[in-house]
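Q: Sharing a structure below in structure tokens format, with a few things to ask.
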Amino acid sequence: MKNSDGLYLSAREAAAELAISPASLYAYVSRGLIRSEPTPDSRKNRYRAEDVRALKERRVPSPEPRGLRSFDADLPVMDTEISTITEEGAIYRGVNCVDLAENDTLEHTATLLWDVSDVDPFAPDNQPAMSDEMRAIAEAARRAAPIDRAIAVLALASSADTRAFTRAPDGRAMVGARIVRLLVATMLNAESSPEPLHQQIARVWAGDNKHASDLIRRALVLLADHELNASTFTARCAASTGLNLYDSVIAGLAALKGPKHGGAGVLASQLVKTLVDRDVEPMVRERVALGERFPGFGHGVYKRGDPRAKSLLNALARAGAPRKFTKEVPERIAEATGEFVNIDYVLAVLVHALRLPGGSELALFAMARSVGWIAHASEQLQFGKLIRPRARYVGPAAGRRSAPVERA
């Protein structure tokens, strides 16, 4: 008897019956519309056939509201088993990132996103190799921006790692952990350590704040992945050419630096600094009158507010961060513009409240998101296909002659 004739459907059968992608299927599961459970003697899940067919008969629209579907209908859409976005937050392989951030670490989040259970990528002895050249570059770039220093060191790291090109899924997870540990240590100007990542960051950057470790832990988990954002798509494109995970992460780091992506946190920090010694309402009124935007507010995906931002902002409030930034600023700007706080603003508040070094908004973002890049790059390497979108030509018609050159 086929599986589809019984109580359960496989992921492929359920997605086909609803004419949706696997990512949309997982979104339905995360919202409780379809029940799933592990398949006996397998790591895959199976799905209740009656739920799938009831959903089909009701003709329920996509679980993702219009604002979540895409920034642009013409942008590439790819199947992935790693994550999707819902109004309640990003879903990491069926687990809501907001729920995960309550107690989990970036390391555990990595094993979830990388889908590993047979090995421990973050075992104490799985440390990155450091060549003399890497140490020389790291020392020479000690005063450079953390993300630039990391790119420089990672460019040499695959040559030092004899297992960088492994094709085994568990082996790639082990490489991924070495990359994340190297990235964090390099950004901190510190030696790699088996100590939990959030504790390393808190010790180096905010050693005198008792709340720092937990707040940084939460931020790292919330930022670990966010489906196919610009840096993740860049990392996947790089991996699709056959590059190793080190080089794929470098591609992600370069894309993250842009002011419309990870660099937005730096702009939000400038807003926070501006408001430190100013009253909120007059400043907001002045900016609105001038037609200026507020960095850290509004989101191309979350039209009703960023759940990650709300979660971390609430944690900051409980830890005693200034009420001005956890409540007054978000409320006044939302009232004046209709735009809600996003994760970039909350990162800026985190940096201000913990007195972290300047530019650490982007560094924290990169440390966390490296986990997602590795997950997506590994998935792309497993697919083994080159990502090659086509372009829609809108230039002059074929056969046009070049304009004559005027001679004096």
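Identifiers in the structure tokens: chain A, B, ... in order shown; residue index from 1 per chain; ligand index from 1 in order shown.
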Once DSSP has gone over the backbone, tell me which residues of region 15-192 of chain A are in helix (DSSP H, G or I), as a PyMOL selection string.

A: chain A and resi 15-18+22-30+49-58+66-69+97-100+106-113+132-140+146-160+169-188

Q: Can you write out the residues you just picked, keeping C-alpha atoms, as a PDB file, in the first residue's frame?

A:
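Final output, again_36.pdb:
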ATOM      1  CA  ALA A  15       3.674  19.422  -0.943  1.00  0.00           C
ATOM      2  CA  ALA A  16       2.591  18.004  -4.314  1.00  0.00           C
ATOM      3  CA  GLU A  17      -1.012  17.515  -3.181  1.00  0.00           C
ATOM      4  CA  LEU A  18      -1.229  21.148  -2.047  1.00  0.00           C
ATOM      5  CA  PRO A  22       8.426  22.282   1.021  1.00  0.00           C
ATOM      6  CA  ALA A  23       9.090  25.630   2.742  1.00  0.00           C
ATOM      7  CA  SER A  24       5.372  26.488   2.610  1.00  0.00           C
ATOM      8  CA  LEU A  25       4.512  23.009   3.892  1.00  0.00           C
ATOM      9  CA  TYR A  26       6.743  23.588   6.936  1.00  0.00           C
ATOM     10  CA  ALA A  27       5.066  26.961   7.459  1.00  0.00           C
ATOM     11  CA  TYR A  28       1.661  25.237   7.607  1.00  0.00           C
ATOM     12  CA  VAL A  29       3.096  22.766  10.127  1.00  0.00           C
ATOM     13  CA  SER A  30       4.547  25.556  12.262  1.00  0.00           C
ATOM     14  CA  ALA A  49      -3.044  12.963   5.191  1.00  0.00           C
ATOM     15  CA  GLU A  50      -6.416  14.088   6.617  1.00  0.00           C
ATOM     16  CA  ASP A  51      -4.949  17.489   7.570  1.00  0.00           C
ATOM     17  CA  VAL A  52      -3.414  17.956   4.124  1.00  0.00           C
ATOM     18  CA  ARG A  53      -6.658  17.078   2.338  1.00  0.00           C
ATOM     19  CA  ALA A  54      -8.811  19.143   4.672  1.00  0.00           C
ATOM     20  CA  LEU A  55      -6.548  22.095   3.966  1.00  0.00           C
ATOM     21  CA  LYS A  56      -6.815  21.462   0.246  1.00  0.00           C
ATOM     22  CA  GLU A  57     -10.616  21.333   0.367  1.00  0.00           C
ATOM     23  CA  ARG A  58     -10.819  24.566   2.326  1.00  0.00           C
ATOM     24  CA  ARG A  66       1.313  39.031   0.912  1.00  0.00           C
ATOM     25  CA  GLY A  67       4.067  41.038   2.505  1.00  0.00           C
ATOM     26  CA  LEU A  68       5.964  37.857   3.366  1.00  0.00           C
ATOM     27  CA  ARG A  69       5.896  36.248  -0.056  1.00  0.00           C
ATOM     28  CA  CYS A  97      13.400  31.170  16.373  1.00  0.00           C
ATOM     29  CA  VAL A  98      11.665  33.287  19.027  1.00  0.00           C
ATOM     30  CA  ASP A  99      10.886  30.178  21.082  1.00  0.00           C
ATOM     31  CA  LEU A 100      14.385  28.834  20.500  1.00  0.00           C
ATOM     32  CA  LEU A 106      23.942  29.543  18.847  1.00  0.00           C
ATOM     33  CA  GLU A 107      25.791  26.218  18.907  1.00  0.00           C
ATOM     34  CA  HIS A 108      22.584  24.236  19.382  1.00  0.00           C
ATOM     35  CA  THR A 109      20.845  26.375  16.778  1.00  0.00           C
ATOM     36  CA  ALA A 110      23.656  25.513  14.375  1.00  0.00           C
ATOM     37  CA  THR A 111      23.168  21.771  14.830  1.00  0.00           C
ATOM     38  CA  LEU A 112      19.456  22.276  14.139  1.00  0.00           C
ATOM     39  CA  LEU A 113      19.989  24.346  10.997  1.00  0.00           C
ATOM     40  CA  ASP A 132      51.524  31.549  10.645  1.00  0.00           C
ATOM     41  CA  GLU A 133      50.138  33.589   7.744  1.00  0.00           C
ATOM     42  CA  MET A 134      46.683  33.752   9.332  1.00  0.00           C
ATOM     43  CA  ARG A 135      48.168  34.915  12.644  1.00  0.00           C
ATOM     44  CA  ALA A 136      50.216  37.564  10.841  1.00  0.00           C
ATOM     45  CA  ILE A 137      47.144  38.875   9.004  1.00  0.00           C
ATOM     46  CA  ALA A 138      45.051  38.878  12.174  1.00  0.00           C
ATOM     47  CA  GLU A 139      47.722  40.824  14.041  1.00  0.00           C
ATOM     48  CA  ALA A 140      48.214  43.320  11.217  1.00  0.00           C
ATOM     49  CA  PRO A 146      35.902  43.150  12.755  1.00  0.00           C
ATOM     50  CA  ILE A 147      34.167  42.082   9.557  1.00  0.00           C
ATOM     51  CA  ASP A 148      37.110  43.194   7.383  1.00  0.00           C
ATOM     52  CA  ARG A 149      39.572  41.401   9.660  1.00  0.00           C
ATOM     53  CA  ALA A 150      37.465  38.246   9.464  1.00  0.00           C
ATOM     54  CA  ILE A 151      37.331  38.317   5.660  1.00  0.00           C
ATOM     55  CA  ALA A 152      41.115  38.674   5.491  1.00  0.00           C
ATOM     56  CA  VAL A 153      41.789  35.757   7.855  1.00  0.00           C
ATOM     57  CA  LEU A 154      39.132  33.474   6.361  1.00  0.00           C
ATOM     58  CA  ALA A 155      40.667  33.987   2.910  1.00  0.00           C
ATOM     59  CA  LEU A 156      43.658  31.925   4.089  1.00  0.00           C
ATOM     60  CA  ALA A 157      41.811  29.512   6.363  1.00  0.00           C
ATOM     61  CA  SER A 158      40.759  26.876   3.846  1.00  0.00           C
ATOM     62  CA  SER A 159      44.405  26.283   2.963  1.00  0.00           C
ATOM     63  CA  ALA A 160      45.165  25.632   6.634  1.00  0.00           C
ATOM     64  CA  PRO A 169      27.361  16.025   5.566  1.00  0.00           C
ATOM     65  CA  ASP A 170      28.760  15.396   9.057  1.00  0.00           C
ATOM     66  CA  GLY A 171      32.200  16.476   7.866  1.00  0.00           C
ATOM     67  CA  ARG A 172      30.768  19.737   6.535  1.00  0.00           C
ATOM     68  CA  ALA A 173      29.153  20.350   9.926  1.00  0.00           C
ATOM     69  CA  MET A 174      32.526  19.901  11.603  1.00  0.00           C
ATOM     70  CA  VAL A 175      34.072  22.367   9.135  1.00  0.00           C
ATOM     71  CA  GLY A 176      31.179  24.750   9.807  1.00  0.00           C
ATOM     72  CA  ALA A 177      31.863  24.776  13.541  1.00  0.00           C
ATOM     73  CA  ARG A 178      35.550  25.512  12.929  1.00  0.00           C
ATOM     74  CA  ILE A 179      34.565  28.419  10.680  1.00  0.00           C
ATOM     75  CA  VAL A 180      32.167  29.891  13.253  1.00  0.00           C
ATOM     76  CA  ARG A 181      34.733  29.579  16.051  1.00  0.00           C
ATOM     77  CA  LEU A 182      37.412  31.161  13.873  1.00  0.00           C
ATOM     78  CA  LEU A 183      35.081  33.972  12.830  1.00  0.00           C
ATOM     79  CA  VAL A 184      34.113  34.822  16.410  1.00  0.00           C
ATOM     80  CA  ALA A 185      37.687  34.652  17.710  1.00  0.00           C
ATOM     81  CA  THR A 186      38.988  36.818  14.865  1.00  0.00           C
ATOM     82  CA  MET A 187      36.300  39.449  15.370  1.00  0.00           C
ATOM     83  CA  LEU A 188      37.067  39.527  19.090  1.00  0.00           C
TER      84      LEU A 188
END

Q: I want to know what sits within 12 Å of Ala348 (chain A), based on only C-alpha atoms, with residues of the same chain fewer than 6 positions away left out; could you give that as number ranges by chain?

A: A: 219, 262-275, 295-297, 309, 312-313, 316, 321, 325-326, 341-342, 354-365

Q: Residues near Glu292 (chain A), anyone? I mean within 12 Å using only C-alpha atoms, not counting same-chain ones fewer than 6 positions away, as a PDB file with C-alpha atoms, in the first residue's frame.

A:
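result.pdb was written with the following content:
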ATOM      1  CA  LEU A 271      19.918  57.218  15.618  1.00  0.00           C
ATOM      2  CA  MET A 283      13.126  64.938  17.365  1.00  0.00           C
ATOM      3  CA  VAL A 284      10.681  62.491  15.780  1.00  0.00           C
ATOM      4  CA  ARG A 285       8.380  65.331  14.733  1.00  0.00           C
ATOM      5  CA  GLU A 286      11.293  67.193  13.171  1.00  0.00           C
ATOM      6  CA  ILE A 333       8.100  56.477  15.777  1.00  0.00           C
ATOM      7  CA  ALA A 336       4.355  59.081  13.563  1.00  0.00           C
ATOM      8  CA  THR A 337       5.265  56.807  10.649  1.00  0.00           C
TER       9      THR A 337
END

Q: Which neighbours of Ser311 (chain A) fall inside 9 Å, counting only C-alpha atoms, when residues of the same chain fewer than 4 positions from it are skipped, and could you give them as a VMD selection string?

A: chain A and resid 98 101 to 102 218 222 306 to 307 315 to 316

Q: Just to be explicit: take each residue in the selection above, keep N, CA, C and O atoms, and write the result as an mmCIF file, in the first residue's frame.

A:
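Written output follows (selection_11.cif):
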data_model
loop_
_atom_site.group_PDB
_atom_site.id
_atom_site.type_symbol
_atom_site.label_atom_id
_atom_site.label_comp_id
_atom_site.auth_asym_id
_atom_site.auth_seq_id
_atom_site.Cartn_x
_atom_site.Cartn_y
_atom_site.Cartn_z
ATOM 1 N N VAL A 98 11.976 32.543 17.801
ATOM 2 C CA VAL A 98 11.665 33.287 19.027
ATOM 3 C C VAL A 98 11.575 32.332 20.217
ATOM 4 O O VAL A 98 12.083 32.625 21.307
ATOM 5 N N ALA A 101 15.095 31.077 21.112
ATOM 6 C CA ALA A 101 15.953 32.064 21.766
ATOM 7 C C ALA A 101 15.735 32.155 23.274
ATOM 8 O O ALA A 101 16.571 32.731 23.981
ATOM 9 N N GLU A 102 14.652 31.588 23.758
ATOM 10 C CA GLU A 102 14.380 31.670 25.192
ATOM 11 C C GLU A 102 15.450 30.965 26.011
ATOM 12 O O GLU A 102 15.843 31.453 27.082
ATOM 13 N N ARG A 218 20.604 35.463 23.220
ATOM 14 C CA ARG A 218 19.305 35.626 22.560
ATOM 15 C C ARG A 218 19.462 36.242 21.175
ATOM 16 O O ARG A 218 18.855 35.780 20.192
ATOM 17 N N LEU A 222 18.376 34.555 17.477
ATOM 18 C CA LEU A 222 17.367 35.222 16.656
ATOM 19 C C LEU A 222 17.896 35.600 15.276
ATOM 20 O O LEU A 222 17.137 35.659 14.299
ATOM 21 N N ASP A 306 8.491 43.138 13.549
ATOM 22 C CA ASP A 306 9.479 42.061 13.525
ATOM 23 C C ASP A 306 9.427 41.291 14.847
ATOM 24 O O ASP A 306 9.794 41.832 15.891
ATOM 25 N N PRO A 307 8.983 40.038 14.840
ATOM 26 C CA PRO A 307 8.877 39.269 16.099
ATOM 27 C C PRO A 307 10.223 39.118 16.802
ATOM 28 O O PRO A 307 10.282 39.059 18.038
ATOM 29 N N ALA A 315 13.356 41.456 26.331
ATOM 30 C CA ALA A 315 14.439 40.958 27.188
ATOM 31 C C ALA A 315 15.313 42.110 27.672
ATOM 32 O O ALA A 315 15.755 42.124 28.829
ATOM 33 N N LEU A 316 15.573 43.070 26.801
ATOM 34 C CA LEU A 316 16.357 44.243 27.196
ATOM 35 C C LEU A 316 15.629 45.041 28.271
ATOM 36 O O LEU A 316 16.253 45.518 29.231
#

Q: Expressed in Å to a single decimal, how great is the separation between CA of His198 (chain A) and CA of Arg217 (chain A)?

A: 5.1 Å

Q: Please return as a PDB file with C-alpha atoms, in the first residue's frame: the residues of region 6-223 of chain A that backbone DSSP assigns to strand (DSSP E or B).

A:
ATOM      1  CA  TYR A   8       0.346   9.773   6.392  1.00  0.00           C
ATOM      2  CA  LEU A   9       2.034  11.484   3.467  1.00  0.00           C
ATOM      3  CA  SER A  36       3.661  15.960  11.556  1.00  0.00           C
ATOM      4  CA  GLU A  37       5.703  13.350  13.374  1.00  0.00           C
ATOM      5  CA  PRO A  38       8.984  11.491  12.859  1.00  0.00           C
ATOM      6  CA  ASN A  45       8.947  13.523   9.103  1.00  0.00           C
ATOM      7  CA  ARG A  46       5.590  12.326   7.835  1.00  0.00           C
ATOM      8  CA  TYR A  47       2.393  14.387   7.634  1.00  0.00           C
ATOM      9  CA  ARG A  48      -1.236  13.624   8.476  1.00  0.00           C
ATOM     10  CA  SER A  83      14.046  27.929   7.232  1.00  0.00           C
ATOM     11  CA  THR A  84      11.050  30.010   6.257  1.00  0.00           C
ATOM     12  CA  ILE A  85       9.458  33.241   7.438  1.00  0.00           C
ATOM     13  CA  THR A  86       6.063  33.581   9.113  1.00  0.00           C
ATOM     14  CA  GLY A  89       9.060  34.843  13.176  1.00  0.00           C
ATOM     15  CA  ALA A  90      11.563  32.737  11.266  1.00  0.00           C
ATOM     16  CA  ILE A  91      11.082  28.976  11.466  1.00  0.00           C
ATOM     17  CA  TYR A  92      14.297  26.938  11.768  1.00  0.00           C
ATOM     18  CA  VAL A  95      11.123  25.460  15.288  1.00  0.00           C
ATOM     19  CA  ASN A  96      10.241  29.121  15.804  1.00  0.00           C
TER      20      ASN A  96
END

Q: By how many Å are CA of Ala164 (chain A) and CA of Pro128 (chain A) apart?

A: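 Distance reported for this atom pair: 10.6 Å.
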
Q: What gap, in Å, lies between CA of Ser248 (chain A) and CA of Ala377 (chain A)?

A: 6.6 Å

Q: Which residues come within 10 Å of Arg203 (chain A), counting only C-alpha atoms, excluding same-chain residues fewer than 5 positions away, as JSON, numbers by chain?

A: {"A": [197, 198, 208, 209, 212, 213]}

Q: With N, CA and C atoms retained, could you export that selection as a PDB file, in the first residue's frame?

A:
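For reference, selection.pdb as written:
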ATOM      1  N   LEU A 197      29.924  30.435  22.692  1.00  0.00           N
ATOM      2  CA  LEU A 197      30.217  31.631  21.909  1.00  0.00           C
ATOM      3  C   LEU A 197      29.688  32.904  22.564  1.00  0.00           C
ATOM      4  N   HIS A 198      28.460  32.862  23.084  1.00  0.00           N
ATOM      5  CA  HIS A 198      27.896  34.076  23.680  1.00  0.00           C
ATOM      6  C   HIS A 198      28.678  34.484  24.929  1.00  0.00           C
ATOM      7  N   ASP A 208      31.727  43.359  32.498  1.00  0.00           N
ATOM      8  CA  ASP A 208      31.219  43.860  33.779  1.00  0.00           C
ATOM      9  C   ASP A 208      29.694  43.937  33.826  1.00  0.00           C
ATOM     10  N   ASN A 209      29.017  43.404  32.809  1.00  0.00           N
ATOM     11  CA  ASN A 209      27.548  43.472  32.787  1.00  0.00           C
ATOM     12  C   ASN A 209      26.971  42.072  32.989  1.00  0.00           C
ATOM     13  N   ALA A 212      24.793  40.670  30.098  1.00  0.00           N
ATOM     14  CA  ALA A 212      25.333  40.638  28.739  1.00  0.00           C
ATOM     15  C   ALA A 212      25.283  39.249  28.108  1.00  0.00           C
ATOM     16  N   SER A 213      25.694  38.245  28.850  1.00  0.00           N
ATOM     17  CA  SER A 213      25.782  36.912  28.286  1.00  0.00           C
ATOM     18  C   SER A 213      24.435  36.420  27.765  1.00  0.00           C
TER      19      SER A 213
END

Q: Could you list, with a cut-off of 10 Å and counting only C-alpha atoms, the residues of region 128-238 of chain A near region 379-385 of chain A, each shown with its nearest atom pair and the distance in Å rounded to one decimal, rows sorted by chain and ascending number, as a tab-separated table?

A:
residue	atom	partner	partner_atom	distance
A:Arg167	CA	A:Gln382	CA	8.2
A:Ala168	CA	A:Gln382	CA	9.3
A:Pro169	CA	A:Gln382	CA	8.3
A:Arg172	CA	A:Leu381	CA	10.0
A:Ala235	CA	A:Gln380	CA	9.3
A:Arg236	CA	A:Gln380	CA	6.1
A:Cys237	CA	A:Gln380	CA	8.3
A:Ala238	CA	A:Gln380	CA	9.3

Q: Create the file for the chosen residues now, containing all heavy atoms and written as a PDB file, in the first residue's frame.

A:
ATOM      1  N   ARG A 167      33.061  16.231   1.506  1.00  0.00           N
ATOM      2  CA  ARG A 167      31.731  16.172   0.922  1.00  0.00           C
ATOM      3  C   ARG A 167      30.727  15.487   1.843  1.00  0.00           C
ATOM      4  O   ARG A 167      29.527  15.476   1.551  1.00  0.00           O
ATOM      5  CB  ARG A 167      31.771  15.421  -0.410  1.00  0.00           C
ATOM      6  CG  ARG A 167      32.573  16.126  -1.490  1.00  0.00           C
ATOM      7  CD  ARG A 167      32.548  15.337  -2.784  1.00  0.00           C
ATOM      8  NE  ARG A 167      33.322  15.994  -3.820  1.00  0.00           N
ATOM      9  CZ  ARG A 167      33.468  15.520  -5.051  1.00  0.00           C
ATOM     10  NH1 ARG A 167      32.908  14.358  -5.387  1.00  0.00           N
ATOM     11  NH2 ARG A 167      34.184  16.165  -5.943  1.00  0.00           N
ATOM     12  N   ALA A 168      31.201  14.907   2.930  1.00  0.00           N
ATOM     13  CA  ALA A 168      30.310  14.216   3.866  1.00  0.00           C
ATOM     14  C   ALA A 168      29.502  15.239   4.667  1.00  0.00           C
ATOM     15  O   ALA A 168      30.066  16.221   5.166  1.00  0.00           O
ATOM     16  CB  ALA A 168      31.126  13.343   4.813  1.00  0.00           C
ATOM     17  N   PRO A 169      28.180  15.061   4.805  1.00  0.00           N
ATOM     18  CA  PRO A 169      27.361  16.025   5.566  1.00  0.00           C
ATOM     19  C   PRO A 169      27.883  16.275   6.975  1.00  0.00           C
ATOM     20  O   PRO A 169      27.964  17.430   7.411  1.00  0.00           O
ATOM     21  CB  PRO A 169      25.977  15.353   5.576  1.00  0.00           C
ATOM     22  CG  PRO A 169      25.956  14.521   4.338  1.00  0.00           C
ATOM     23  CD  PRO A 169      27.362  13.996   4.201  1.00  0.00           C
ATOM     24  N   ARG A 172      31.031  18.323   6.797  1.00  0.00           N
ATOM     25  CA  ARG A 172      30.768  19.737   6.535  1.00  0.00           C
ATOM     26  C   ARG A 172      30.320  20.450   7.812  1.00  0.00           C
ATOM     27  O   ARG A 172      30.652  21.617   8.030  1.00  0.00           O
ATOM     28  CB  ARG A 172      29.715  19.881   5.441  1.00  0.00           C
ATOM     29  CG  ARG A 172      30.277  19.649   4.042  1.00  0.00           C
ATOM     30  CD  ARG A 172      29.217  19.763   2.986  1.00  0.00           C
ATOM     31  NE  ARG A 172      29.791  19.565   1.655  1.00  0.00           N
ATOM     32  CZ  ARG A 172      29.148  19.077   0.616  1.00  0.00           C
ATOM     33  NH1 ARG A 172      27.870  18.737   0.746  1.00  0.00           N
ATOM     34  NH2 ARG A 172      29.744  18.932  -0.554  1.00  0.00           N
ATOM     35  N   ALA A 235      25.827  33.763  -0.527  1.00  0.00           N
ATOM     36  CA  ALA A 235      26.587  32.598  -0.066  1.00  0.00           C
ATOM     37  C   ALA A 235      26.194  31.347  -0.841  1.00  0.00           C
ATOM     38  O   ALA A 235      27.050  30.526  -1.192  1.00  0.00           O
ATOM     39  CB  ALA A 235      26.366  32.387   1.434  1.00  0.00           C
ATOM     40  N   ARG A 236      24.902  31.188  -1.125  1.00  0.00           N
ATOM     41  CA  ARG A 236      24.445  30.020  -1.886  1.00  0.00           C
ATOM     42  C   ARG A 236      24.977  30.071  -3.319  1.00  0.00           C
ATOM     43  O   ARG A 236      25.376  29.039  -3.874  1.00  0.00           O
ATOM     44  CB  ARG A 236      22.922  29.949  -1.902  1.00  0.00           C
ATOM     45  CG  ARG A 236      22.313  29.451  -0.619  1.00  0.00           C
ATOM     46  CD  ARG A 236      20.865  29.046  -0.808  1.00  0.00           C
ATOM     47  NE  ARG A 236      20.768  27.714  -1.382  1.00  0.00           N
ATOM     48  CZ  ARG A 236      20.079  26.707  -0.840  1.00  0.00           C
ATOM     49  NH1 ARG A 236      19.432  26.878   0.300  1.00  0.00           N
ATOM     50  NH2 ARG A 236      20.050  25.534  -1.428  1.00  0.00           N
ATOM     51  N   CYS A 237      24.951  31.251  -3.936  1.00  0.00           N
ATOM     52  CA  CYS A 237      25.472  31.387  -5.294  1.00  0.00           C
ATOM     53  C   CYS A 237      26.954  31.004  -5.330  1.00  0.00           C
ATOM     54  O   CYS A 237      27.411  30.315  -6.248  1.00  0.00           O
ATOM     55  CB  CYS A 237      25.283  32.814  -5.801  1.00  0.00           C
ATOM     56  SG  CYS A 237      23.582  33.228  -6.226  1.00  0.00           S
ATOM     57  N   ALA A 238      27.699  31.477  -4.336  1.00  0.00           N
ATOM     58  CA  ALA A 238      29.130  31.148  -4.277  1.00  0.00           C
ATOM     59  C   ALA A 238      29.324  29.639  -4.119  1.00  0.00           C
ATOM     60  O   ALA A 238      30.144  29.032  -4.817  1.00  0.00           O
ATOM     61  CB  ALA A 238      29.785  31.889  -3.114  1.00  0.00           C
TER      62      ALA A 238
END
